[in-house]
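Source file: input08.cif. Holds: mmCIF, C-alpha atoms.
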```cif
data_final
#
loop_
_atom_site.label_atom_id
_atom_site.label_comp_id
_atom_site.auth_asym_id
_atom_site.auth_seq_id
_atom_site.Cartn_x
_atom_site.Cartn_y
_atom_site.Cartn_z
CA MET A 1 0.00 0.00 0.00
CA MET A 2 2.80 2.33 0.96
CA ARG A 3 4.44 1.66 -2.36
CA ARG A 4 1.31 2.50 -4.30
CA VAL A 5 1.07 5.86 -2.56
CA LEU A 6 4.72 6.60 -3.33
CA VAL A 7 4.32 5.62 -6.99
CA PHE A 8 1.21 7.80 -7.24
CA LEU A 9 3.05 10.73 -5.69
CA ALA A 10 6.02 10.36 -8.05
CA VAL A 11 3.81 10.18 -11.15
CA ALA A 12 1.67 13.09 -9.95
CA GLY A 13 4.77 15.21 -9.33
CA LEU A 14 6.11 14.47 -12.79
CA ALA A 15 2.68 15.26 -14.25
CA ALA A 16 2.69 18.65 -12.54
CA ALA A 17 6.15 19.31 -13.98
CA LEU A 18 5.08 18.32 -17.49
CA LEU A 19 1.74 20.16 -17.45
CA PRO A 20 2.98 23.54 -18.73
CA LEU A 21 4.94 21.80 -21.48
CA ALA A 22 1.88 19.93 -22.70
CA LEU A 23 -0.74 22.64 -22.40
CA GLY A 24 0.96 26.01 -22.39
CA THR A 25 3.68 26.15 -25.01
CA GLY A 26 1.59 25.96 -28.15
CA VAL A 27 3.00 25.39 -31.62
CA PRO A 28 5.78 27.66 -32.95
CA GLU A 29 5.03 29.77 -36.03
CA ALA A 30 8.46 29.51 -37.66
CA PRO A 31 11.66 27.57 -37.16
CA GLY A 32 14.35 29.10 -34.97
CA ALA A 33 17.41 30.93 -36.25
CA LEU A 34 19.63 27.83 -36.36
CA ALA A 35 17.05 25.74 -38.25
CA THR A 36 16.45 28.59 -40.71
CA ALA A 37 20.17 28.83 -41.37
CA TYR A 38 20.39 25.07 -41.94
CA LEU A 39 17.40 25.11 -44.31
CA GLU A 40 18.79 27.99 -46.34
CA ASP A 41 22.44 26.95 -46.41
CA ALA A 42 22.37 23.15 -46.64
CA PRO A 43 21.75 22.99 -50.43
CA GLY A 44 24.43 25.57 -51.13
CA ASP A 45 26.96 24.20 -48.66
CA PHE A 46 26.75 20.50 -49.39
CA GLY A 47 24.32 20.03 -52.30
CA ALA A 48 22.12 17.67 -50.28
CA ALA A 49 18.41 17.65 -51.06
CA ASN A 50 17.49 16.07 -47.70
CA VAL A 51 18.33 18.63 -45.02
CA VAL A 52 17.97 16.09 -42.19
CA THR A 53 20.69 13.96 -43.80
CA ALA A 54 22.92 17.01 -44.19
CA ILE A 55 22.54 17.71 -40.46
CA VAL A 56 23.03 14.08 -39.35
CA VAL A 57 26.07 13.41 -41.53
CA SER A 58 27.87 16.75 -41.73
CA TYR A 59 26.68 19.60 -39.52
CA ARG A 60 26.32 17.28 -36.54
CA GLY A 61 28.51 14.49 -37.89
CA PHE A 62 30.57 14.22 -34.73
CA ASP A 63 27.36 13.48 -32.82
CA THR A 64 26.60 10.62 -35.20
CA LEU A 65 30.12 9.22 -34.82
CA GLY A 66 29.60 9.15 -31.04
CA GLU A 67 26.20 7.51 -31.52
CA VAL A 68 27.71 4.74 -33.65
CA ALA A 69 30.33 4.25 -30.91
CA VAL A 70 27.57 3.88 -28.29
CA LEU A 71 25.84 1.33 -30.51
CA PHE A 72 29.11 -0.59 -30.79
CA ALA A 73 29.57 -0.58 -27.00
CA ALA A 74 26.03 -1.86 -26.44
CA THR A 75 26.51 -4.61 -29.02
CA ALA A 76 29.76 -5.66 -27.37
CA GLY A 77 27.98 -5.74 -24.00
CA VAL A 78 25.16 -7.91 -25.31
CA GLY A 79 27.66 -10.26 -26.98
CA ALA A 80 29.74 -10.57 -23.81
CA LEU A 81 26.72 -11.24 -21.57
CA LEU A 82 25.08 -13.86 -23.71
CA THR A 83 27.73 -16.42 -24.54
CA ARG A 84 26.94 -20.12 -24.26
CA LYS A 85 29.30 -20.49 -21.33
CA ARG A 86 27.81 -17.60 -19.38
CA LEU A 87 24.31 -18.87 -20.02
CA GLY A 88 25.33 -22.29 -18.74
CA ILE A 89 24.42 -24.14 -21.91
CA GLY A 90 26.83 -26.94 -22.70
CA ASP A 91 27.43 -28.29 -26.16
CA ALA A 92 25.63 -31.41 -24.99
CA GLU A 93 22.25 -29.72 -25.06
CA PRO A 94 20.25 -31.28 -27.86
CA ALA A 95 18.99 -29.01 -30.58
CA ASP A 96 15.33 -28.93 -29.59
CA LYS A 97 14.47 -26.18 -32.04
CA PRO A 98 11.83 -27.24 -34.52
CA ALA A 99 12.77 -27.10 -38.18
CA ALA A 100 11.41 -24.19 -40.19
CA THR A 101 8.50 -24.76 -42.56
CA GLU A 102 9.12 -25.09 -46.25
CA ILE A 103 7.28 -21.85 -46.98
CA LEU A 104 9.67 -19.92 -44.74
CA VAL A 105 12.75 -21.59 -46.24
CA THR A 106 11.65 -20.91 -49.83
CA ALA A 107 10.62 -17.32 -49.10
CA THR A 108 13.94 -16.71 -47.39
CA GLY A 109 15.82 -17.91 -50.43
CA LEU A 110 13.81 -15.60 -52.66
CA LEU A 111 13.74 -12.55 -50.42
CA THR A 112 17.21 -12.34 -48.87
CA GLY A 113 18.89 -10.89 -51.94
CA LEU A 114 16.04 -8.48 -52.59
CA LEU A 115 16.06 -7.25 -48.98
CA VAL A 116 19.81 -6.61 -49.00
CA MET A 117 19.42 -4.77 -52.29
CA PHE A 118 16.58 -2.67 -50.88
CA GLY A 119 18.67 -1.77 -47.83
CA VAL A 120 21.55 -0.69 -50.06
CA TYR A 121 19.10 1.35 -52.17
CA ILE A 122 17.80 3.13 -49.05
CA PHE A 123 21.20 4.18 -47.81
CA LEU A 124 22.56 5.12 -51.24
CA HIS A 125 19.64 7.52 -51.70
CA GLY A 126 19.85 8.93 -48.17
CA HIS A 127 20.82 12.39 -49.40
CA LEU A 128 17.86 12.60 -51.83
CA THR A 129 14.86 10.92 -50.19
CA PRO A 130 13.77 10.03 -46.65
CA GLY A 131 15.89 7.25 -45.26
CA GLY A 132 19.57 6.69 -44.91
CA GLY A 133 22.19 4.63 -43.17
CA PHE A 134 20.19 3.68 -40.08
CA GLN A 135 17.05 2.60 -41.92
CA GLY A 136 19.02 0.77 -44.61
CA GLY A 137 21.10 -0.98 -41.96
CA VAL A 138 17.94 -2.19 -40.23
CA VAL A 139 16.61 -3.59 -43.52
CA ILE A 140 19.87 -5.50 -44.02
CA ALA A 141 19.65 -6.85 -40.46
CA THR A 142 16.10 -7.99 -41.30
CA ALA A 143 17.46 -10.03 -44.20
CA LEU A 144 19.91 -11.76 -41.85
CA LEU A 145 17.09 -12.30 -39.32
CA LEU A 146 15.10 -14.13 -42.01
CA GLY A 147 18.11 -16.38 -42.54
CA LEU A 148 18.31 -17.10 -38.81
CA LEU A 149 14.60 -17.95 -38.70
CA ALA A 150 14.76 -20.28 -41.70
CA ARG A 151 17.84 -22.18 -40.50
CA PRO A 152 17.80 -22.14 -36.67
CA GLU A 153 20.88 -24.34 -36.42
CA SER A 154 23.00 -22.18 -38.71
CA LYS A 155 25.59 -19.82 -37.32
CA LEU A 156 26.35 -16.40 -38.70
CA SER A 157 29.94 -16.04 -39.72
CA HIS A 158 31.28 -13.78 -37.00
CA GLY A 159 34.48 -13.18 -38.94
CA ILE A 160 32.61 -11.56 -41.82
CA LEU A 161 30.35 -9.58 -39.48
CA SER A 162 33.17 -8.12 -37.44
CA ALA A 163 35.26 -7.49 -40.56
CA VAL A 164 32.41 -5.49 -42.15
CA GLU A 165 31.81 -3.63 -38.91
CA SER A 166 35.40 -2.66 -38.16
CA LEU A 167 36.33 -1.87 -41.78
CA SER A 168 33.32 0.41 -42.26
CA GLY A 169 33.95 2.07 -38.90
CA ALA A 170 37.59 2.70 -39.79
CA ALA A 171 36.60 4.00 -43.22
CA TYR A 172 34.07 6.35 -41.57
CA VAL A 173 36.79 7.86 -39.39
CA GLY A 174 39.07 7.92 -42.45
CA MET A 175 36.51 9.96 -44.43
CA GLY A 176 36.28 12.32 -41.46
CA LEU A 177 40.04 12.77 -41.39
CA ALA A 178 40.07 13.30 -45.16
CA GLY A 179 37.60 16.12 -44.59
CA ALA A 180 39.86 17.57 -41.92
CA PHE A 181 42.94 17.55 -44.15
CA LEU A 182 41.48 18.24 -47.62
CA ALA A 183 38.52 20.50 -46.75
CA TRP A 184 37.42 22.71 -43.87
CA GLY A 185 37.03 20.34 -40.95
CA PHE A 186 36.45 16.87 -39.55
CA LEU A 187 33.69 15.07 -41.52
CA ASP A 188 33.41 17.92 -44.05
CA PRO A 189 31.86 16.23 -47.13
CA ARG A 190 33.39 18.66 -49.62
CA VAL A 191 36.34 16.38 -50.40
CA LEU A 192 34.42 15.10 -53.43
CA PRO A 193 32.69 17.29 -56.04
CA LEU A 194 29.25 18.46 -54.93
CA GLY A 195 27.50 17.83 -58.24
CA ARG A 196 23.97 18.92 -59.11
CA ILE A 197 21.30 18.81 -56.39
CA GLY A 198 18.99 15.86 -56.87
CA SER A 199 21.27 13.55 -58.82
CA LEU A 200 22.55 10.32 -57.29
CA VAL A 201 26.21 11.33 -57.47
CA SER A 202 26.05 14.59 -55.57
CA ALA A 203 26.48 16.07 -52.09
CA GLY A 204 30.21 15.30 -51.89
CA SER A 205 31.05 12.42 -49.61
CA ILE A 206 27.66 12.34 -47.81
CA PRO A 207 26.42 9.21 -49.69
CA VAL A 208 29.76 7.47 -49.02
CA ILE A 209 29.68 8.24 -45.30
CA TYR A 210 25.99 7.28 -44.98
CA SER A 211 26.64 3.97 -46.78
CA LEU A 212 29.46 3.21 -44.36
CA ILE A 213 27.14 4.02 -41.43
CA GLY A 214 24.52 1.72 -42.98
CA LEU A 215 26.94 -1.21 -43.26
CA LYS A 216 28.16 -0.67 -39.69
CA VAL A 217 24.66 -0.41 -38.22
CA GLY A 218 23.51 -3.46 -40.19
CA ALA A 219 26.43 -5.55 -38.94
CA GLU A 220 25.92 -4.40 -35.34
CA LEU A 221 22.18 -5.07 -35.25
CA SER A 222 22.75 -8.50 -36.84
CA GLY A 223 25.28 -9.14 -34.06
CA ILE A 224 22.68 -8.24 -31.40
CA LEU A 225 20.11 -10.59 -32.96
CA ASP A 226 22.67 -13.38 -33.25
CA ALA A 227 23.75 -12.98 -29.62
CA LEU A 228 20.15 -13.00 -28.38
CA LYS A 229 19.55 -16.17 -30.35
CA GLY A 230 22.05 -17.53 -27.89
CA ASP A 231 24.50 -19.72 -29.77
CA ARG A 232 27.58 -17.61 -29.27
CA GLU A 233 30.67 -19.47 -28.17
CA MET B 1 -6.23 22.05 -37.72
CA LEU B 2 -7.25 18.75 -39.35
CA VAL B 3 -3.73 17.42 -38.90
CA ASP B 4 -3.86 18.51 -35.26
CA ALA B 5 -7.06 16.54 -34.76
CA ALA B 6 -5.53 13.46 -36.41
CA ILE B 7 -2.46 13.74 -34.17
CA LEU B 8 -4.66 14.07 -31.07
CA VAL B 9 -6.67 10.96 -32.03
CA SER B 10 -3.42 9.04 -32.63
CA GLY B 11 -2.22 10.31 -29.27
CA PHE B 12 -5.27 8.82 -27.54
CA VAL B 13 -4.67 5.50 -29.32
CA MET B 14 -1.01 5.55 -28.23
CA ILE B 15 -1.89 6.32 -24.61
CA ALA B 16 -4.52 3.58 -24.52
CA ALA B 17 -2.05 1.06 -25.98
CA GLY B 18 0.63 2.19 -23.52
CA ILE B 19 -1.66 1.78 -20.51
CA GLY B 20 -2.69 -1.61 -21.89
CA ALA B 21 0.97 -2.60 -22.25
CA VAL B 22 1.62 -1.76 -18.59
CA LEU B 23 -1.54 -3.39 -17.28
CA ALA B 24 -1.63 -6.63 -19.33
CA ARG B 25 -0.80 -9.78 -17.35
CA SER B 26 0.51 -11.60 -20.41
CA LEU B 27 3.99 -10.50 -21.46
CA LEU B 28 3.31 -11.39 -25.09
CA VAL B 29 0.31 -9.06 -25.21
CA SER B 30 2.25 -6.25 -23.64
CA ILE B 31 5.19 -6.67 -26.06
CA LEU B 32 2.79 -6.46 -29.00
CA LEU B 33 0.99 -3.44 -27.51
CA SER B 34 4.28 -1.57 -27.04
CA GLY B 35 5.11 -2.34 -30.68
CA GLY B 36 1.72 -0.83 -31.50
CA VAL B 37 2.61 2.33 -29.57
CA SER B 38 5.70 2.69 -31.76
CA LEU B 39 3.72 2.05 -34.94
CA VAL B 40 1.17 4.78 -34.14
CA ALA B 41 4.04 7.08 -33.10
CA SER B 42 5.56 6.63 -36.54
CA LEU B 43 2.20 7.68 -38.03
CA VAL B 44 2.33 10.83 -35.89
CA PHE B 45 5.89 11.54 -37.09
CA LEU B 46 4.69 11.20 -40.69
CA LEU B 47 1.76 13.57 -40.06
CA MET B 48 4.01 16.25 -38.60
CA GLY B 49 6.38 16.20 -41.56
CA ALA B 50 9.24 14.02 -40.36
CA PRO B 51 9.39 11.09 -42.83
CA ASP B 52 13.00 10.21 -41.88
CA VAL B 53 12.06 9.72 -38.24
CA ALA B 54 8.85 7.91 -39.21
CA MET B 55 10.83 5.36 -41.26
CA THR B 56 13.30 4.80 -38.44
CA GLU B 57 10.59 4.40 -35.82
CA ALA B 58 8.57 1.98 -37.96
CA ALA B 59 11.59 -0.18 -38.80
CA ILE B 60 13.41 -0.11 -35.46
CA GLY B 61 10.86 0.84 -32.82
CA SER B 62 8.04 -1.39 -33.92
CA GLY B 63 9.83 -4.03 -36.00
CA LEU B 64 13.24 -4.95 -34.65
CA THR B 65 12.51 -4.13 -30.98
CA THR B 66 9.60 -6.58 -30.95
CA VAL B 67 11.83 -9.31 -32.40
CA VAL B 68 14.50 -8.58 -29.77
CA TYR B 69 11.88 -8.90 -26.98
CA LEU B 70 10.58 -12.19 -28.35
CA TYR B 71 14.09 -13.66 -28.70
CA ALA B 72 14.96 -12.57 -25.16
CA MET B 73 11.79 -14.12 -23.73
CA ALA B 74 12.46 -17.40 -25.50
CA ARG B 75 16.09 -17.39 -24.37
CA ALA B 76 15.20 -16.69 -20.72
CA ARG B 77 12.44 -19.37 -20.68
CA GLN B 78 10.25 -16.70 -19.19
CA PRO B 79 6.68 -17.95 -18.93
CA ASP B 80 4.14 -15.79 -20.65
CA GLU B 81 2.30 -15.00 -17.43
CA GLU B 82 4.04 -12.10 -15.76
CA ASP B 83 3.61 -13.24 -12.15
CA ALA B 84 4.37 -16.89 -12.81
CA ASP B 85 7.90 -16.51 -11.58
CA PRO B 86 8.96 -19.75 -9.84
CA LEU B 87 11.69 -21.25 -11.92
CA GLY B 88 11.05 -24.80 -12.99
CA ASP B 89 13.07 -27.47 -11.19
CA ALA B 90 14.60 -28.53 -14.46
CA VAL B 91 16.05 -25.09 -15.00
CA LYS B 92 17.14 -24.61 -11.41
CA GLY B 93 18.64 -28.05 -10.91
CA GLY B 94 20.40 -28.20 -14.22
CA ARG B 95 22.49 -25.10 -13.90
CA ARG B 96 23.68 -23.80 -10.62
CA MET C 1 -10.72 32.22 -23.15
CA SER C 2 -12.80 30.29 -25.62
CA ILE C 3 -12.52 26.56 -26.24
CA LEU C 4 -11.02 27.11 -29.69
CA GLU C 5 -8.34 29.39 -28.35
CA PHE C 6 -7.50 26.85 -25.65
CA VAL C 7 -7.24 24.01 -28.18
CA SER C 8 -5.02 26.06 -30.46
CA ARG C 9 -2.61 26.62 -27.58
CA ILE C 10 -2.21 22.88 -27.01
CA ASN C 11 0.71 21.29 -28.82
CA PRO C 12 -0.88 17.91 -29.69
CA VAL C 13 2.47 16.15 -30.09
CA ALA C 14 3.85 17.41 -26.79
CA ALA C 15 0.60 16.58 -24.96
CA SER C 16 0.48 12.95 -26.11
CA GLY C 17 4.23 12.57 -25.58
CA ALA C 18 4.00 13.89 -22.03
CA VAL C 19 1.20 11.47 -21.13
CA LEU C 20 3.23 8.58 -22.62
CA VAL C 21 6.18 9.61 -20.43
CA LEU C 22 3.88 9.42 -17.39
CA VAL C 23 2.60 5.99 -18.44
CA GLY C 24 6.15 4.75 -18.88
CA VAL C 25 7.33 6.04 -15.50
CA TRP C 26 4.29 4.49 -13.83
CA GLY C 27 5.06 1.15 -15.50
CA VAL C 28 8.71 1.22 -14.42
CA LEU C 29 7.80 2.03 -10.83
CA ALA C 30 4.73 -0.17 -10.37
CA ARG C 31 5.67 -3.45 -12.08
CA PRO C 32 8.19 -5.86 -10.56
CA ASN C 33 8.89 -8.05 -13.61
CA LEU C 34 12.19 -7.23 -15.33
CA PHE C 35 10.76 -7.77 -18.81
CA LYS C 36 7.81 -5.53 -17.96
CA ILE C 37 10.21 -2.82 -16.82
CA ALA C 38 11.99 -3.02 -20.20
CA ILE C 39 8.66 -2.69 -22.02
CA ALA C 40 7.67 0.32 -19.91
CA THR C 41 11.06 1.88 -20.68
CA SER C 42 10.34 1.50 -24.39
CA VAL C 43 7.02 3.32 -23.96
CA LEU C 44 8.77 6.04 -21.94
CA GLU C 45 11.37 6.43 -24.66
CA THR C 46 8.73 6.84 -27.37
CA GLY C 47 7.13 9.55 -25.25
CA VAL C 48 10.42 11.40 -24.78
CA ASN C 49 11.06 11.26 -28.54
CA LEU C 50 7.61 12.76 -29.17
CA VAL C 51 8.26 15.56 -26.68
CA ILE C 52 11.62 16.42 -28.30
CA LEU C 53 10.12 16.34 -31.77
CA SER C 54 7.17 18.53 -30.70
CA THR C 55 9.47 21.57 -30.58
CA GLY C 56 9.89 21.24 -34.36
CA TYR C 57 6.21 20.86 -35.22
CA ILE C 58 4.93 23.78 -37.28
CA ARG C 59 1.38 23.69 -38.64
CA GLY C 60 0.96 23.28 -42.39
CA ARG C 61 4.60 22.85 -43.37
CA THR C 62 6.25 20.09 -45.39
CA ALA C 63 9.13 17.75 -44.68
CA PRO C 64 12.61 19.33 -44.93
CA ILE C 65 13.49 17.76 -48.28
CA LEU C 66 14.17 19.93 -51.32
CA ASP C 67 12.73 19.04 -54.72
CA SER C 68 11.73 20.83 -57.90
CA ALA C 69 8.73 22.43 -56.17
CA ALA C 70 10.73 23.79 -53.25
CA ASP C 71 14.13 25.29 -53.87
CA ALA C 72 16.48 26.75 -51.33
CA SER C 73 15.17 30.32 -51.48
CA THR C 74 11.69 29.39 -50.25
CA ALA C 75 12.79 26.48 -48.07
CA ALA C 76 12.81 28.34 -44.77
CA ALA C 77 9.26 29.55 -45.33
CA ARG C 78 7.75 26.19 -46.28
CA MET C 79 9.50 23.53 -44.23
CA THR C 80 9.49 22.27 -40.65
CA ASP C 81 12.38 22.41 -38.25
CA PRO C 82 14.96 19.71 -39.19
CA VAL C 83 17.14 19.90 -36.04
CA PRO C 84 14.92 17.91 -33.61
CA GLN C 85 14.39 15.33 -36.35
CA ALA C 86 18.13 14.74 -36.64
CA LEU C 87 18.40 14.38 -32.85
CA VAL C 88 15.49 11.94 -32.56
CA LEU C 89 16.77 9.86 -35.51
CA THR C 90 19.87 8.87 -33.58
CA ALA C 91 17.98 8.55 -30.28
CA ILE C 92 15.72 5.82 -31.71
CA VAL C 93 18.69 3.68 -32.78
CA ILE C 94 20.36 4.08 -29.37
CA GLY C 95 17.03 3.14 -27.78
CA LEU C 96 17.10 -0.26 -29.47
CA ALA C 97 20.67 -0.90 -28.31
CA VAL C 98 19.83 0.06 -24.72
CA THR C 99 16.73 -2.15 -24.75
CA ALA C 100 18.79 -5.09 -26.00
CA LEU C 101 21.39 -4.54 -23.26
CA GLN C 102 18.65 -4.31 -20.60
CA LEU C 103 17.05 -7.52 -21.85
CA SER C 104 20.35 -9.38 -21.95
CA TYR C 105 20.92 -8.54 -18.28
CA ALA C 106 17.46 -9.95 -17.53
CA VAL C 107 18.22 -13.11 -19.53
CA ARG C 108 21.56 -13.47 -17.79
CA LEU C 109 20.01 -13.11 -14.31
CA ARG C 110 17.48 -15.82 -15.07
CA ALA C 111 20.10 -18.12 -16.58
CA ALA C 112 22.15 -17.84 -13.38
CA GLY C 113 19.17 -19.14 -11.42
CA GLY C 114 17.50 -15.92 -10.30
CA GLY C 115 13.88 -14.99 -10.75
CA SER C 116 12.66 -12.36 -13.15
CA SER C 117 10.94 -10.31 -10.47
CA ILE C 118 12.93 -7.42 -9.10
CA GLU C 119 11.66 -8.37 -5.63
CA SER C 120 14.00 -11.39 -5.56
CA TYR C 121 17.05 -9.13 -5.71
CA GLY C 122 16.21 -7.18 -2.55
CA ASP C 123 19.35 -8.43 -0.79
CA GLU C 124 21.62 -6.83 -3.37
CA LYS C 125 20.36 -3.34 -2.56
CA TRP C 126 23.31 -2.16 -0.49
#
```
Could you rewrite the structure in this file as structure tokens?
Amino acid sequence: MMRRVLVFLAVAGLAAALLPLALGTGVPEAPGALATAYLEDAPGDFGAANVVTAIVVSYRGFDTLGEVAVLFAATAGVGALLTRKRLGIGDAEPADKPAATEILVTATGLLTGLLVMFGVYIFLHGHLTPGGGFQGGVVIATALLLGLLARPESKLSHGILSAVESLSGAAYVGMGLAGAFLAWGFLDPRVLPLGRIGSLVSAGSIPVIYSLIGLKVGAELSGILDALKGDRE
Amino acid sequence: MLVDAAILVSGFVMIAAGIGAVLARSLLVSILLSGGVSLVASLVFLLMGAPDVAMTEAAIGSGLTTVVYLYAMARARQPDEEDADPLGDAVKGGRR
Amino acid sequence: MSILEFVSRINPVAASGAVLVLVGVWGVLARPNLFKIAIATSVLETGVNLVILSTGYIRGRTAPILDSAADASTAAARMTDPVPQALVLTAIVIGLAVTALQLSYAVRLRAAGGGSSIESYGDEKW
């Protein structure tokens, strides 16, 4: 009973704190000065049609680099916690997982290539249309998830996964350093020609960097799924 | 104003699904309801002109998160009923 | 103050986000099951994302993507605020990683022979 009262008091206090935010602020009429500057300058600065991508990859690129590092740390934590040894599962445990149905196996064979291709399409067009490295990476992880569902006894090749992850991470930092030495600053995309707004090859190195982010995120999320499946050595 | 009304209606749906997710006794039901909260949230993001965020929320928040929950529940041999906590003797005896 | 004026002062995104935050906090505090706490955290996180994004909601504007109909000179007058969108984009991905880490601790505790109710870890308080 005491706990219920305390929980009610905590929630009521938070509600009182959030009340002015929910009811009093209203909707702004125009974006602030920083957003206006981004909207006006992004096409001229970097030639990117999608302003959100320009902010994520270049204006606030350092933020995204830190975010990818956090994702890597969390993936490493999940992988370290959920090994077979830590979970107390010996090799002797019989594989009691039921085999996948034929429909799932056939659909996986047909769809895996298409899904990977769709993911690559999403992150290659990140500077033109909604989408980008994170969404494309998730689509690629979905393709690997289908594979795990269709063949429960199969193991993902950890060598390939970690090679993709570390190579794309190193290349991401390398593109940032190239920006620092050849252009104005770390992660400046103007090391490659900007091109015409709206064409696939444009916006300097933004598509390259976003593709690298997509590969890294895809490999990391596949690693999380594989670790949760629980067959890590 | 029409968009505002649509967002408010979606907000009510989200809040109802969220309360349902907290109250449900079955963990499976509450996982699915929290995926539903994310799905409606991605609709709200789309309505307010944020298609990038809507895509991310639909793919990660409501797709991959649900899969991660289901894998974790299967791995932990957590019974579906939330309060059914006593570990089976097989699990307890077998490993420490 | 008329009803219409009151409604127009409500930010619908911030209002629903704030209530979702409350629901999430209530779930974290009131439910003992570790998996239920993770689910409530997900709901809380969606609410926080909505509240952050609500500062960039402007009525009747389009997504911040340039095309033939909207060039750079009119962009600032026709488009919503892109900055909160960029922030929330990364927050969603981190949210998945944090949820997976939280769940793997719960799995690990159960595999080591513990229960999945937080009540059974009362001795470890301090």
List the residues selected by the PyMOL selection byres ((chain C) within 6 of (chain B)) in the file shown, writing them as a PyMOL selection string. chain C and resi 12+16+20+27+62-63+89+107+113
Kindly assemble as a Markdown table a list of the chain C residues that lie within 6 Å of chain A, each paired with its nearest atom pair and their distance in Å to one decimal, using only C-alpha atoms, sorted first by chain and then by ascending residue number.
```
| residue | atom | partner | partner_atom | distance |
| --- | --- | --- | --- | --- |
| C:Arg9 | CA | A:Gly26 | CA | 4.3 |
| C:Ile10 | CA | A:Leu23 | CA | 4.8 |
| C:Asn11 | CA | A:Gly26 | CA | 4.8 |
| C:Ala14 | CA | A:Ala22 | CA | 5.2 |
| C:Ala15 | CA | A:Ala22 | CA | 4.2 |
| C:Ile58 | CA | A:Pro28 | CA | 5.9 |
| C:Pro64 | CA | A:Val51 | CA | 5.8 |
| C:Ile65 | CA | A:Asn50 | CA | 4.4 |
| C:Leu66 | CA | A:Ala49 | CA | 4.8 |
| C:Ala72 | CA | A:Glu40 | CA | 5.6 |
| C:Ala76 | CA | A:Thr36 | CA | 5.5 |
| C:Asp81 | CA | A:Pro31 | CA | 5.3 |
| C:Pro82 | CA | A:Val52 | CA | 5.6 |
| C:Ala86 | CA | A:Val56 | CA | 5.6 |
| C:Ala97 | CA | A:Ala74 | CA | 5.8 |
| C:Leu101 | CA | A:Val78 | CA | 5.5 |
| C:Ala111 | CA | A:Leu87 | CA | 5.5 |
```
Here's a test: counting all atoms listed in the file, identify every protein, DNA and RNA residue with an atom at most 8 Å from (28.2, -2.6, -47.4) in the file's coordinate frame, and state them as a compact mmCIF listing (two decimals) with C-alpha atoms, in the frame of the given file.
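Listing of part_13.txt after writing:
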```txt
# COMPACT_ATOMS: atom_id res chain seq x y z
CA VAL A 120 21.55 -0.69 -50.06
CA VAL A 164 32.41 -5.49 -42.15
CA SER A 168 33.32 0.41 -42.26
CA SER A 211 26.64 3.97 -46.78
CA LEU A 212 29.46 3.21 -44.36
CA GLY A 214 24.52 1.72 -42.98
CA LEU A 215 26.94 -1.21 -43.26
CA LYS A 216 28.16 -0.67 -39.69
```
Assuming 6 Å of padding per side, give the centre and edge lengths of the axis-aligned box around every listed atom of range 109-120 of chain C, in Å to one decimal and as AutoDock Vina command-line options.
```
--center_x 16.5 --center_y -13.3 --center_z -11.1 --size_x 23.2 --size_y 23.7 --size_z 23.0
```
Show me the residues close to (31.4, -11.9, -42.5) - anything with an atom within 12 Å, counting all atoms listed in the file - and format the list as a PyMOL selection string. chain A and resi 144+155-167+215+218-220+222-223
With all atoms listed in the file as the atoms that count, which of C:Arg59, C:Gln85, C:Gln102, C:Ala112 lies nearest to Lys36 in chain C? C:Gln102
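Straight-line separation from CA of Ala178 in chain A to CA of Gly133 in chain A: 20.0 Å.
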For the structure shown, which residues end up in the PyMOL selection byres ((chain C and resi 56) around 7)? Put them as a list in words, please? Leu53, Ser54, Thr55, Tyr57, Ile58, Thr80, Asp81 and Pro84 of chain C
Between CA of Phe46 in chain A and CA of Ala203 in chain A, distance in Å (one decimal):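 Atom-to-atom, CA of Phe46 in chain A to CA of Ala203 in chain A, that is 5.2 Å.
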Counting all atoms listed in the file, figure out which residue out of A:Ser58, A:Thr142, A:Thr112, A:Thr106 gets nearest to chain B.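 When distances to chain B are compared using all atoms listed in the file, the smallest one comes from A:Thr142.
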Please indicate the distance in Å from CA of Ile39 in chain C to CA of Ala143 in chain A, rounded to one decimal place.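 Between CA of Ile39 in chain C and CA of Ala143 in chain A the gap is 25.0 Å.
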Restricting the calculation to all atoms listed in the file: of A:Leu124, A:Met175, A:Met117, A:Leu110, which residue gets closest to Gly147 in chain A?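 Looking only at the distances to Gly147 in chain A, the closest residue turns out to be A:Leu110.
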